[in-house]
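A.B. asks: One structure follows; several queries about it will come next.
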Amino acid sequence: MGPAALSLLPMSDSPIAGLDRTQLLVLYHSLVVTRAAEERLEVLHKQGHVTGEVYSSLGQEAGAVGAAFALDRRTDGTGDFLAPTVRAAGALFLFGGELVDFFRQYMARATGPTGGKEASVHWVDFQKGIVGPVSPLGTMLEVMAGITLSFKVRGEPRVGIVFYGDAASSTGAWHEGLNFSAVQRCPLILMVEANQWMFSTATTMNTRVQSFTDKAAGYGIGSESVDGTDIVAVYEAVSRAAKRARAGEGTQMVELSYYRRLDYVQHDPQESVDPDELAMWEGRDPISLFERRVLEEGWAEEPELEEIRGRAEEDCRLAAEQAVSEPVPYGPEAVKGIYTDTVTPHPWTRTDEPDKRATSELKT
Amino acid sequence: MGPAALSLLPMSDSPIAGLDRTQLLVLYHSLVVTRAAEERLEVLHKQGHVTGEVYSSLGQEAGAVGAAFALDRRTDGTGDFLAPTVRAAGALFLFGGELVDFFRQYMARATGPTGGKEASVHWVDFQKGIVGPVSPLGTMLEVMAGITLSFKVRGEPRVGIVFYGDAASSTGAWHEGLNFSAVQRCPLILMVEANQWMFSTATTMNTRVQSFTDKAAGYGIGSESVDGTDIVAVYEAVSRAAKRARAGEGTQMVELSYYRRLDYVQHDPQESVDPDELAMWEGRDPISLFERRVLEEGWAEEPELEEIRGRAEEDCRLAAEQAVSEPVPYGPEAVKGIYTDTVTPHPWTRTDEPDKRATSELKT
Amino acid sequence: MNRPAPEHLKKTARGEPVTLLEAISEGLFEEMVQDDRVFLMGEDIGVYGGAFKVTRGFLDYFGDLRVIDTPIAEGGFTGAAAGAAHMGLRPVVEMQFMDFISPAYDVLTNYIATSLYRGAGPMPIVVRGPVGGGNRGGPFHSQNVEMAFFHTPGLKIVYPSTAYDAKGLMKAAIRDDNPVIFEEHKVLYRAPALREVLPEEDYVVPLGEARIVREGSDLTLVTYGAMVHKSVEAAVQLEEQDGVGVEIIDLRTLLPLDEDAIVESMKRTGRVLIVHEDTRTGGIAGEIAIRLNERAFEWLDAPILRVTAIDSPVPYAGSLEDYFLPQVEDIVTAGRYLAAY
Amino acid sequence: MNRPAPEHLKKTARGEPVTLLEAISEGLFEEMVQDDRVFLMGEDIGVYGGAFKVTRGFLDYFGDLRVIDTPIAEGGFTGAAAGAAHMGLRPVVEMQFMDFISPAYDVLTNYIATSLYRGAGPMPIVVRGPVGGGNRGGPFHSQNVEMAFFHTPGLKIVYPSTAYDAKGLMKAAIRDDNPVIFEEHKVLYRAPALREVLPEEDYVVPLGEARIVREGSDLTLVTYGAMVHKSVEAAVQLEEQDGVGVEIIDLRTLLPLDEDAIVESMKRTGRVLIVHEDTRTGGIAGEIAIRLNERAFEWLDAPILRVTAIDSPVPYAGSLEDYFLPQVEDIVTAGRYLAAY
Ligand SMILES: Cc1ncc(C[n+]2csc(CCOP(=O)(O)OP(=O)(O)O)c2C)c(N)n1
Ligand SMILES: Cc1ncc(C[n+]2csc(CCOP(=O)(O)OP(=O)(O)O)c2C)c(N)n1
Ligand SMILES: [Mg+2]
Ligand SMILES: [Mg+2]
């Protein structure tokens with residue numbers, strides 16, 4: 001997925017955050033591929049291909065991408081670990097999550113990583129360091145505390161990163177997981193996606209703090225708040241947090257301050273949103289902002305970015321097409337994978353024979 | 001229980017925290033009655049009268065007593081509300097909890113407020129504003145949030161106070177209850193009994209904060225930390241917190257900074273305690289400190305305090321004696337009070353008749 | 001509070017049919033109008049009207065002291081409901097999806113269910129929300145939660161299958177002094193076939209009483225919730241194709257269980273099939289089976305059998321979920337087998 | 001790790017008898033020595049050795065990376081166990097009292113039990129702790145928790161009744177790749193009558209296999225945990241006073257249930273009594289009853305009956321608790337009734 005063809009232009013000599021041109025273009029690519037994938041998802045949804053709801057990270061892409069880019073991503077099971085949310089698909093892609101798997105998941109394809117048993121970004125690939133979440137909010141903080149506890153116990157210089165929305169902070173699991181992690185000094189970074197919304201209600205109905213860094217103090221952990229629309233700032237903040245965590249300074253929090261521009265699920269009506277506020281945030285679109293900077297500072301020229309965008313869209317189109325063409329799972333697969341050893345029986349009524357167990361040995 | 005006979009001495013003219021002599025002597029009485037009751041409990045335990053464990057608030061009495069004294073205690077169901085812990089028996093007594101009920105509870109007497117169904121300070125008297133806790137830690141913050149929510153909803157100028165040990169702060173229930181209360185601006189005061197111990201482990205295994213006021217900021221609530229061995233300071237701090245809560249400023253936290261001088265249950269061996277530290281805290285015994293101040297400032301003279309102590313001990317002895325003499329519940333009471341309407345059947349096997357339901361109408 | 005009710009909550013008053021969802025909304029609304037101790041808490045129930053819009057319009061009508069948008073803290077606000085109930089209020093708590101009741105498992109089983117027993121008084125709380133599969137919701141938006149609570153003395157559990165019952169049971173649940181878990185099946189919420197005209201006057205459906213959905217003399221089929229409708233379909237097939245008369249009992253209240261209704265029917269038919277959408281092992285079928293053993297073993301002419309979901313999480317893909325859930329054909333197969341036994 | 005084991009954990013090595021508690025300690029200790037992926041988490045398990053001292057001496061021996069004193073956060077550290085299990089560790093988590101597993105209900109049922117199904121891999125976790133009544137612990141220190149989890153596919157549940165089984169089942173549970181809830185009855189922990197000399201060599205008691213405690217041809221009594229011993233007492237009385245031969249099955253593992261063992265015995269006796277300490281409605285007796293209906297109805301000569309605790313919270317007073325709990329006389333009464341049926 002890396003923009004290999006783009007290494008033609010000369011590098012600028014004032015690097016942004018120490019990143020070279022290739023890296024900056026990877027960032028750009030990751031941003032646009034995220035947006036393209038989610039737009040493609042919306043199309044698939046309208047076409048009736050998607051099984052359930054679809055979610056969008058419109059306006060939040062820089063948070064996920066910038067954060068993931070700051071970590072040590074590997075595919076051999078020895079790198080950093082990521083627990084994304086539905087609004088951190090960009091991080092998932094950077095960690096090696098395949099576009100086609102993304103679409104397969106939303107369309108419950110047999111070929112997807114969960115074989116249709118689970119949805120959306122809820123999938124796992126430990127080789128790549130991906131730990132998809134479950135729906136109950138907060139749980140992944142507990143789980144990632146345990147994953148990073150294992151890094152600590154084994155003395156490995158790895159870190160974990162877990163994303164959660166701002167409203168998820170009100171759950172007991174969030175608190176227990178974060179506090180456990182803090183006390184055990186687990187090398188875990190919590191990204192608070194402070195997008196100012198819960199589902200339909202403002203996050204102010206969930207918490208009285210203005211900044212989640214006010215919560216960090218209560219756990220005795222390091223924290224900083226960053227403009228979540230500025231991918232470079234996010235990258236730098238998470239780099240710092242990762243450095244601290246890797247150095248044994250324990251759990252860290254980075255607050256991504258931004259705004260949820262679409263509703264909770266993409267196609268919900270946006271009833272309670274102030275149009276002016278929304279317009280303000282549209283003006284701070286993370287992709288446009290980064291684009292402008294890259295162009296202004298001479299890291300790339302518009303046709304080149306255009307090409308990256310075109311390619312991202314094409315990749316998404318192709319991946320979606322492939323996923324669409326693939327089969328849904330075969331019903332009886334439903335009984336598989338409940339225990340590692342014990343076999344779950346198929347319902348006897350499906351065989352259209354009488355219950356073998358009830359009749360095979362009728363008393364004589 | 002008030003020290004009626006003590007109004008003979010002239011009042012000093014430099015009041016402590018605005019309290020008059022009678023009030024100061026009520027405070028003193030409450031402190032010593034708490035200690036006497038717990039010492040009596042220990043005797044009962046050694047004599048084999050107590051059903052389960054006994055708990056002590058030795059060294060923490062001033063926290064419970066000073067806090068409760070700052071509130072509006074009534075017996076007609078219109079006053080402030082208290083959810084104590086086992087280490088806040090002093091508050092329970094001030095709210096009108098009877099000594100004899102305290103002993104009945106620990107000895108599972110039929111005559112006690114729960115009729116032997118529950119233990120220790122786990123009892124309820126809504127007229128007096130007493131809401132005894134359940135064992136799972138944290139729950140009472142949720143419950144008291146709801147109780148004080150009702151005060152807010154009805155526009156009543158009442159507050160609630162809930163005690164919890166420092167280690168209980170790591171539970172999800174603590175977080176969810178406190179955050180709910182904070183967001184809803186419930187008139188609730190959380191007393192953190194920061195006695196530096198969990199059960200056998202130091203509270204530092206439960207949290208990385210030095211002061212729980214660091215946590216308060218994460219809930220956007222008012223807070224202060226107070227020397228929990230100084231009853232006057234506690235009284236003043238809780239008075240301020242109650243005033244804020246009553247004025248609509250929402251949830252408040254008061255941290256009682258002190259030390260658990262006995263082990264988790266009174267008769268546990270104190271393995272992990274530093275003797276020097278313990279000695280230091282013994283030197284800061286809240287009763288001795290208050291005694292000294294009352295004497296030095298001329299509020300009372302030693303024989304008078306002696307009399308109060310004697311009386312407290314005698315009251316405890318008599319109450320314990322009464323409770324000891326009373327019956328334990330009749331076994332079949334066990335099936336009562338599970339639903340308000342549905343009756344739980346007695347086990348058919350107890351009647352030594354065959355199961356009526358299985359046989360009374362044998363198919364013919 | 002003399003303002004007119006919002007238009008969408010006056011269908012019954014206008015003599016129009018309502019869906020099961022609308023029946024629940026009306027039930028809630030009427031109880032709130034009649035008794036100002038009743039109030040609502042839950043996530044997104046105010047401005048938004050709840051994930052399924054059950055409380056649409058309530059915030060405007062009753063204000064934010066009686067329709068409280070809570071933080072995401074199922075344990076916290078359920079515990080707060082307990083506190084409010086202590087003070088004489090009658091909270092109705094919405095779980096956005098009933099799957100998310102699990103963080104409230106502690107406070108429900110340990111605090112709320114034991115309150116009366118501990119001498120802390122009655123707990124007039126309703127915890128309600130959408131349950132059930134068939135909607136492609138996946139493992140965390142499709143669960144049935146009855147068996148998480150069926151083993152907890154002190155709780156009641158209600159699970160309506162019709163609009164009439166849903167409204168009447170909701171009113172009964174709110175008026176009950178015991179804590180009630182109220183399960184609302186998502187697939188039934190707006191099912192057109194369930195639309196019916198409800199009585200204009202106030203009525204309740206008492207808790208603890210099952211309903212005979214249809215009579216039959218060959219087989220007693222005990223079920224509840226969405227499975228009532230699949231069972232009726234199966235019964236029609238069995239009658240038409242096999243001449244088997246299936247008596248269907250809709251439990252309506254799962255706890256306390258209407259043992260008498262089941263025993264009486266079973267004494268007439270001698271055969272019992274239990275159908276539940278919930279997973280198999282540890283499902284309610286077991287309790288029914290042993291109660292029948294205890295009370296009417298002599299009348300049993302065939303084994304007590306069950307048709308249920310598979311013992312697994314609820315899968316997301318439609319193909320898997322359909323295989324996972326009990327289907328009409330399963331009920332027919334089992335019914336046929338029992339009738340021939 | 002070649003240091004000698006602490007003296008109190010070498011009783012079996014010395015050929016001395018051990019209590020059920022000591023058997024568990026030895027099992028844990030040996031597994032930790034043999035497999036350095038095994039580690040412990042829980043409240044006060046380190047310095048203090050746990051509320052019941054099951055892990056006394058472990059912290060000194062294994063260090064604080066393998067014996068972790070946790071904050072009071074049952075959900076948090078159980079969830080952390082899941083994360084550690086993802087990374088190949090094998091956590092054993094102690095609940096100080098099993099009653100306090102309820103804050104972990106969410107993560108256990110939704111995350112841990114579904115992990116394999118969701119494609120997130122196996123979950124080799126043991127959650128263990130003291131359960132059961134008879135100790136005057138009151139409503140929150142006396143619960144049996146099996147039925148909170150029996151309905152959750154993906155979990156296993158173990159409940160030993162003897163020192164031999166406790167050690168062998170603990171080792172099997174730790175080696176199992178599925179999450180196991182391991183219940184340890186407080187009254188059995190140090191019961192002198194349960195002290196026994198265990199084999200010196202390594203052994204496991206496989207999960208999912210019941211044990212015939214005693215044979216008998218008139219009645220099959222299915223039970224587990226502390227009730228095994230009350231049942232044996234009752235069986236002796238029934239044999240001596242009534243000449244009734246009671247076959248006792250100790251389930252040992254509740255989930256998965258050893259259906260075959262029950263069915264086979266029942267086919268010989270034709271009569272089944274289930275005895276469980278846990279409360280009645282929704283207890284395991286129901287599931288056993290319906291499985292027997294499904295598999296061996298024709299062999300039933302009498303109703304399947306049960307002796308259980310009352311449907312209530314566990315009361316504190318001894319007099320109430322004794323009435324609440326199933327007693328030997330209850331088992332005798334029910335056994336006598338069934339034998340005469
Ligand atoms: C324990 C729990 N309760 C309720 C829900 C339902 N729910 C899913 S997302 C959501 C809102 C989340 O808001 P936030 O955490 O801010 O994330 P955002 O959607 O803004 O990214 C809710 C209430 C849930 N998933 N888990
Ligand atoms: C949820 C829960 N887990 C575990 C326990 C067992 N437990 C009872 S008290 C206690 C220690 C409490 O420490 P702290 O809150 O500091 O109170 P203290 O005893 O110091 O007053 C523990 C672990 C419990 N009651 N509830
Ligand atoms: Mg948000
Ligand atoms: Mg403490």
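Identifiers for the structure tokens are assigned positionally: chains receive A, B, ... in sequence, residues are indexed from 1 per chain, and ligands are indexed from 1 in the order shown.
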Find the spatial neighbours of Leu305 in chain C, counting only C-alpha atoms, within a cut-off of 12 Å - ignore same-chain residues fewer than 6 positions away - and output them as a VMD selection string.
C.D. replies: (chain A and resid 348 to 349 354 to 355 357 to 358) or (chain C and resid 219 to 222 271 to 276 280 284 to 286 288 to 290 330 to 331 333 to 339 341) or (chain D and resid 287 289 to 297)
A.B. asks: Sort by chain and increasing residue number a table of all residues of chain D within 8 Å of ligand 2, each with its closest pair of atoms and their distance in Å to one decimal, counting only C-alpha atoms and all ligand atoms, and write it as JSON lines.
C.D. replies:
```
{"residue": "D:Glu43", "atom": "CA", "partner": "ligand 2", "partner_atom_place_in_ligand_line": "23 (C)", "distance": 6.2}
{"residue": "D:Asp44", "atom": "CA", "partner": "ligand 2", "partner_atom_place_in_ligand_line": "23 (C)", "distance": 7.5}
{"residue": "D:Ile72", "atom": "CA", "partner": "ligand 2", "partner_atom_place_in_ligand_line": "3 (N)", "distance": 5.5}
{"residue": "D:Ala73", "atom": "CA", "partner": "ligand 2", "partner_atom_place_in_ligand_line": "1 (C)", "distance": 6.8}
{"residue": "D:Glu74", "atom": "CA", "partner": "ligand 2", "partner_atom_place_in_ligand_line": "1 (C)", "distance": 6.7}
{"residue": "D:Met95", "atom": "CA", "partner": "ligand 2", "partner_atom_place_in_ligand_line": "4 (C)", "distance": 7.6}
{"residue": "D:Gln96", "atom": "CA", "partner": "ligand 2", "partner_atom_place_in_ligand_line": "4 (C)", "distance": 6.1}
{"residue": "D:Phe97", "atom": "CA", "partner": "ligand 2", "partner_atom_place_in_ligand_line": "6 (C)", "distance": 7.0}
{"residue": "D:Phe100", "atom": "CA", "partner": "ligand 2", "partner_atom_place_in_ligand_line": "1 (C)", "distance": 5.1}
{"residue": "D:Ile101", "atom": "CA", "partner": "ligand 2", "partner_atom_place_in_ligand_line": "1 (C)", "distance": 7.8}
{"residue": "D:Ser102", "atom": "CA", "partner": "ligand 2", "partner_atom_place_in_ligand_line": "1 (C)", "distance": 7.9}
{"residue": "D:Pro103", "atom": "CA", "partner": "ligand 2", "partner_atom_place_in_ligand_line": "1 (C)", "distance": 6.7}
```
A.B. asks: Since we have the selection now, will you write its residues out, keeping C-alpha atoms, as a short mmCIF file (atom, residue, chain, number, x, y, z; two decimals), in the first residue's frame?
C.D. replies:
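In the end it all went to part-v3.cif:
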```cif
data_model
loop_
_atom_site.label_atom_id
_atom_site.label_comp_id
_atom_site.auth_asym_id
_atom_site.auth_seq_id
_atom_site.Cartn_x
_atom_site.Cartn_y
_atom_site.Cartn_z
CA GLU D 43 -6.31 -8.96 45.66
CA ASP D 44 -3.95 -9.51 48.59
CA ILE D 72 -9.75 -3.89 43.81
CA ALA D 73 -10.95 -4.17 40.24
CA GLU D 74 -12.27 -7.60 39.44
CA MET D 95 -11.47 -13.59 43.39
CA GLN D 96 -11.09 -12.83 47.08
CA PHE D 97 -14.58 -14.20 47.46
CA PHE D 100 -17.01 -10.47 43.85
CA ILE D 101 -16.80 -12.00 40.40
CA SER D 102 -19.88 -10.01 39.47
CA PRO D 103 -17.99 -6.86 38.42
#
```
A.B. asks: Where does chain A meet ligand 3 within 9 Å, residue by residue, with the nearest atom pair and distance in Å to one decimal for each, counting only C-alpha atoms and all ligand atoms, listed by chain and rising number, as a Markdown table?
C.D. replies:
```
| residue | atom | partner | partner_atom_place_in_ligand_line | distance |
| --- | --- | --- | --- | --- |
| A:Tyr164 | CA | ligand 3 | 1 (Mg) | 8.2 |
| A:Gly165 | CA | ligand 3 | 1 (Mg) | 4.5 |
| A:Asp166 | CA | ligand 3 | 1 (Mg) | 4.6 |
| A:Ala167 | CA | ligand 3 | 1 (Mg) | 5.3 |
| A:Ala168 | CA | ligand 3 | 1 (Mg) | 7.6 |
| A:Val192 | CA | ligand 3 | 1 (Mg) | 8.8 |
| A:Glu193 | CA | ligand 3 | 1 (Mg) | 6.4 |
| A:Ala194 | CA | ligand 3 | 1 (Mg) | 5.8 |
| A:Asn195 | CA | ligand 3 | 1 (Mg) | 4.7 |
| A:Gln196 | CA | ligand 3 | 1 (Mg) | 5.3 |
| A:Trp197 | CA | ligand 3 | 1 (Mg) | 4.1 |
| A:Met198 | CA | ligand 3 | 1 (Mg) | 4.4 |
| A:Phe199 | CA | ligand 3 | 1 (Mg) | 7.1 |
| A:Ala202 | CA | ligand 3 | 1 (Mg) | 8.1 |
| A:Thr203 | CA | ligand 3 | 1 (Mg) | 6.5 |
| A:Tyr259 | CA | ligand 3 | 1 (Mg) | 8.2 |
| A:Arg260 | CA | ligand 3 | 1 (Mg) | 7.0 |
| A:Tyr264 | CA | ligand 3 | 1 (Mg) | 8.5 |
```
A.B. asks: Could the residues in this selection be written to a file with N, CA, C and O atoms, as an mmCIF file, in the first residue's frame?
C.D. replies:
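For reference, result_25.cif as written:
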```cif
data_model
loop_
_atom_site.group_PDB
_atom_site.id
_atom_site.type_symbol
_atom_site.label_atom_id
_atom_site.label_comp_id
_atom_site.auth_asym_id
_atom_site.auth_seq_id
_atom_site.Cartn_x
_atom_site.Cartn_y
_atom_site.Cartn_z
ATOM 1 N N TYR A 164 -10.180 5.011 22.492
ATOM 2 C CA TYR A 164 -11.561 5.025 22.976
ATOM 3 C C TYR A 164 -12.154 6.407 22.785
ATOM 4 O O TYR A 164 -11.450 7.412 22.929
ATOM 5 N N GLY A 165 -13.427 6.434 22.488
ATOM 6 C CA GLY A 165 -14.140 7.695 22.379
ATOM 7 C C GLY A 165 -14.202 8.391 23.733
ATOM 8 O O GLY A 165 -14.025 7.765 24.780
ATOM 9 N N ASP A 166 -14.456 9.694 23.690
ATOM 10 C CA ASP A 166 -14.502 10.463 24.935
ATOM 11 C C ASP A 166 -15.587 9.963 25.886
ATOM 12 O O ASP A 166 -15.391 9.884 27.100
ATOM 13 N N ALA A 167 -16.734 9.579 25.336
ATOM 14 C CA ALA A 167 -17.842 9.178 26.205
ATOM 15 C C ALA A 167 -17.584 7.827 26.867
ATOM 16 O O ALA A 167 -18.129 7.543 27.932
ATOM 17 N N ALA A 168 -16.759 7.018 26.242
ATOM 18 C CA ALA A 168 -16.431 5.723 26.830
ATOM 19 C C ALA A 168 -15.736 5.896 28.175
ATOM 20 O O ALA A 168 -15.658 4.948 28.972
ATOM 21 N N VAL A 192 -7.566 9.262 23.713
ATOM 22 C CA VAL A 192 -8.954 9.684 23.939
ATOM 23 C C VAL A 192 -9.440 10.431 22.707
ATOM 24 O O VAL A 192 -8.942 11.518 22.405
ATOM 25 N N GLU A 193 -10.367 9.831 22.008
ATOM 26 C CA GLU A 193 -10.908 10.473 20.807
ATOM 27 C C GLU A 193 -11.958 11.494 21.237
ATOM 28 O O GLU A 193 -13.165 11.206 21.237
ATOM 29 N N ALA A 194 -11.490 12.678 21.594
ATOM 30 C CA ALA A 194 -12.389 13.696 22.145
ATOM 31 C C ALA A 194 -13.109 14.413 21.013
ATOM 32 O O ALA A 194 -12.816 15.560 20.690
ATOM 33 N N ASN A 195 -14.082 13.715 20.468
ATOM 34 C CA ASN A 195 -14.806 14.266 19.310
ATOM 35 C C ASN A 195 -16.083 14.992 19.722
ATOM 36 O O ASN A 195 -16.927 15.303 18.891
ATOM 37 N N GLN A 196 -16.219 15.202 21.030
ATOM 38 C CA GLN A 196 -17.279 16.039 21.597
ATOM 39 C C GLN A 196 -18.682 15.455 21.534
ATOM 40 O O GLN A 196 -19.649 16.113 21.927
ATOM 41 N N TRP A 197 -18.800 14.235 21.049
ATOM 42 C CA TRP A 197 -20.111 13.606 20.985
ATOM 43 C C TRP A 197 -20.065 12.201 21.554
ATOM 44 O O TRP A 197 -19.063 11.506 21.455
ATOM 45 N N MET A 198 -21.174 11.831 22.101
ATOM 46 C CA MET A 198 -21.400 10.477 22.544
ATOM 47 C C MET A 198 -22.110 9.778 21.401
ATOM 48 O O MET A 198 -21.509 9.404 20.424
ATOM 49 N N PHE A 199 -23.357 9.737 21.428
ATOM 50 C CA PHE A 199 -24.102 9.062 20.368
ATOM 51 C C PHE A 199 -24.953 10.181 19.802
ATOM 52 O O PHE A 199 -24.646 10.748 18.775
ATOM 53 N N ALA A 202 -24.108 15.463 23.697
ATOM 54 C CA ALA A 202 -22.786 16.051 23.805
ATOM 55 C C ALA A 202 -22.012 15.337 24.905
ATOM 56 O O ALA A 202 -22.595 14.848 25.874
ATOM 57 N N THR A 203 -20.700 15.286 24.741
ATOM 58 C CA THR A 203 -19.871 14.610 25.734
ATOM 59 C C THR A 203 -19.987 15.275 27.099
ATOM 60 O O THR A 203 -19.722 14.653 28.119
ATOM 61 N N TYR A 259 -13.561 16.811 16.381
ATOM 62 C CA TYR A 259 -15.017 16.883 16.294
ATOM 63 C C TYR A 259 -15.552 15.760 15.411
ATOM 64 O O TYR A 259 -14.979 15.462 14.365
ATOM 65 N N ARG A 260 -16.641 15.155 15.851
ATOM 66 C CA ARG A 260 -17.276 14.111 15.026
ATOM 67 C C ARG A 260 -18.184 14.788 14.017
ATOM 68 O O ARG A 260 -19.247 15.282 14.367
ATOM 69 N N TYR A 264 -23.384 9.469 14.642
ATOM 70 C CA TYR A 264 -22.829 8.256 15.243
ATOM 71 C C TYR A 264 -22.681 7.144 14.208
ATOM 72 O O TYR A 264 -21.621 6.571 14.049
#
```
A.B. asks: Would you give me, as a list in words, the residues of chain B that come within 8 Å of chain A, using only C-alpha atoms?
C.D. replies: Ser170, Thr171, Gly172, Ala173, Trp174, His175, Glu176, Asn179, Phe180, Ala182, Val183, Thr204, Met205, Asn206, Thr207, Arg208, Val209, Phe212, Asp214, Lys215, Ala216, Ala217, Gly218, Tyr219 and Gly220 of chain B
A.B. asks: Store the residues of this selection in a file with C-alpha atoms, as a PDB file, in the first residue's frame.
C.D. replies:
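Dumped to again12.pdb:
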```
ATOM      1  CA  SER B 170     -10.176   1.396  42.105  1.00  0.00           C
ATOM      2  CA  THR B 171     -13.568  -0.176  41.453  1.00  0.00           C
ATOM      3  CA  GLY B 172     -15.628   0.576  38.393  1.00  0.00           C
ATOM      4  CA  ALA B 173     -18.676   1.192  40.556  1.00  0.00           C
ATOM      5  CA  TRP B 174     -16.829   3.959  42.410  1.00  0.00           C
ATOM      6  CA  HIS B 175     -16.020   5.631  39.097  1.00  0.00           C
ATOM      7  CA  GLU B 176     -19.422   5.226  37.517  1.00  0.00           C
ATOM      8  CA  ASN B 179     -19.020  10.450  37.592  1.00  0.00           C
ATOM      9  CA  PHE B 180     -22.784  10.094  37.335  1.00  0.00           C
ATOM     10  CA  ALA B 182     -20.733  14.781  39.219  1.00  0.00           C
ATOM     11  CA  VAL B 183     -22.413  15.120  35.836  1.00  0.00           C
ATOM     12  CA  THR B 204      -0.158   2.381  46.697  1.00  0.00           C
ATOM     13  CA  MET B 205      -0.996  -0.972  45.093  1.00  0.00           C
ATOM     14  CA  ASN B 206      -4.413   0.463  44.292  1.00  0.00           C
ATOM     15  CA  THR B 207      -3.601   3.877  42.989  1.00  0.00           C
ATOM     16  CA  ARG B 208      -0.683   6.052  41.969  1.00  0.00           C
ATOM     17  CA  VAL B 209      -2.101   9.249  43.397  1.00  0.00           C
ATOM     18  CA  PHE B 212      -7.368  11.644  46.244  1.00  0.00           C
ATOM     19  CA  ASP B 214      -6.035  14.543  42.326  1.00  0.00           C
ATOM     20  CA  LYS B 215      -8.886  12.294  41.330  1.00  0.00           C
ATOM     21  CA  ALA B 216     -11.530  14.892  42.094  1.00  0.00           C
ATOM     22  CA  ALA B 217     -10.282  17.079  39.245  1.00  0.00           C
ATOM     23  CA  GLY B 218     -11.040  14.248  36.820  1.00  0.00           C
ATOM     24  CA  TYR B 219     -14.677  14.415  37.823  1.00  0.00           C
ATOM     25  CA  GLY B 220     -14.838  18.186  37.881  1.00  0.00           C
TER      26      GLY B 220
END
```
A.B. asks: Return as a PyMOL selection string the residues belonging to chain B that are within 9 Å of chain C, counting only C-alpha atoms.
C.D. replies: chain B and resi 113-115+117-118+122-126+131-132+134-136+139-153+172-181+183-184+336-342+355-364
A.B. asks: So that I can see what lies close to Met170 in chain D, please list as a short mmCIF file (atom, residue, chain, number, x, y, z; two decimals) with C-alpha atoms, in the first residue's frame the residues with an atom at most 12 Å from it, counting only C-alpha atoms and leaving out residues fewer than 3 positions away in the same chain.
C.D. replies:
```cif
data_model
loop_
_atom_site.label_atom_id
_atom_site.label_comp_id
_atom_site.auth_asym_id
_atom_site.auth_seq_id
_atom_site.Cartn_x
_atom_site.Cartn_y
_atom_site.Cartn_z
CA LEU D 20 -8.46 -29.46 49.96
CA LEU D 21 -6.95 -26.00 50.33
CA GLU D 22 -3.43 -27.37 50.47
CA ALA D 23 -4.16 -29.55 47.46
CA ILE D 24 -5.11 -26.45 45.50
CA SER D 25 -2.02 -24.60 46.67
CA GLU D 26 0.16 -27.50 45.61
CA GLY D 27 -1.56 -27.73 42.26
CA LEU D 28 -1.03 -24.04 41.60
CA PHE D 29 2.53 -24.18 42.81
CA GLU D 30 3.52 -27.17 40.72
CA GLU D 31 1.98 -25.73 37.57
CA MET D 32 3.83 -22.47 38.14
CA VAL D 92 -4.81 -17.68 37.17
CA ILE D 125 -7.51 -18.40 31.98
CA VAL D 126 -8.54 -19.81 35.33
CA VAL D 127 -10.70 -17.66 37.56
CA ARG D 128 -10.72 -19.23 40.98
CA GLY D 129 -11.92 -18.40 44.44
CA ILE D 157 -16.97 -24.48 35.23
CA VAL D 158 -15.23 -26.71 37.75
CA TYR D 159 -16.24 -27.40 41.34
CA PRO D 160 -14.21 -30.02 43.22
CA THR D 162 -12.15 -33.69 47.38
CA ALA D 163 -8.51 -32.83 47.81
CA TYR D 164 -7.49 -35.29 45.11
CA ASP D 165 -9.90 -33.83 42.60
CA ALA D 166 -9.12 -30.28 43.60
CA LYS D 167 -5.46 -30.68 42.76
CA ALA D 173 -7.90 -26.24 34.34
CA ILE D 174 -4.58 -24.43 34.09
CA ARG D 175 -3.55 -26.60 31.14
CA ASP D 176 -6.89 -26.12 29.42
CA VAL D 180 -12.38 -21.98 33.43
CA ILE D 181 -14.31 -20.77 36.47
CA PHE D 182 -12.96 -22.75 39.40
CA GLU D 183 -15.09 -22.83 42.55
CA GLU D 184 -13.56 -23.74 45.88
CA ASP D 202 2.01 -35.35 38.54
CA TYR D 203 -1.62 -36.14 37.71
CA VAL D 204 -4.63 -34.39 36.31
CA VAL D 205 -8.34 -35.01 36.67
CA PRO D 206 -9.70 -34.33 33.20
CA LEU D 207 -12.35 -31.65 32.86
CA ARG D 252 -16.78 -32.21 39.32
CA THR D 253 -17.08 -30.24 36.08
#
```
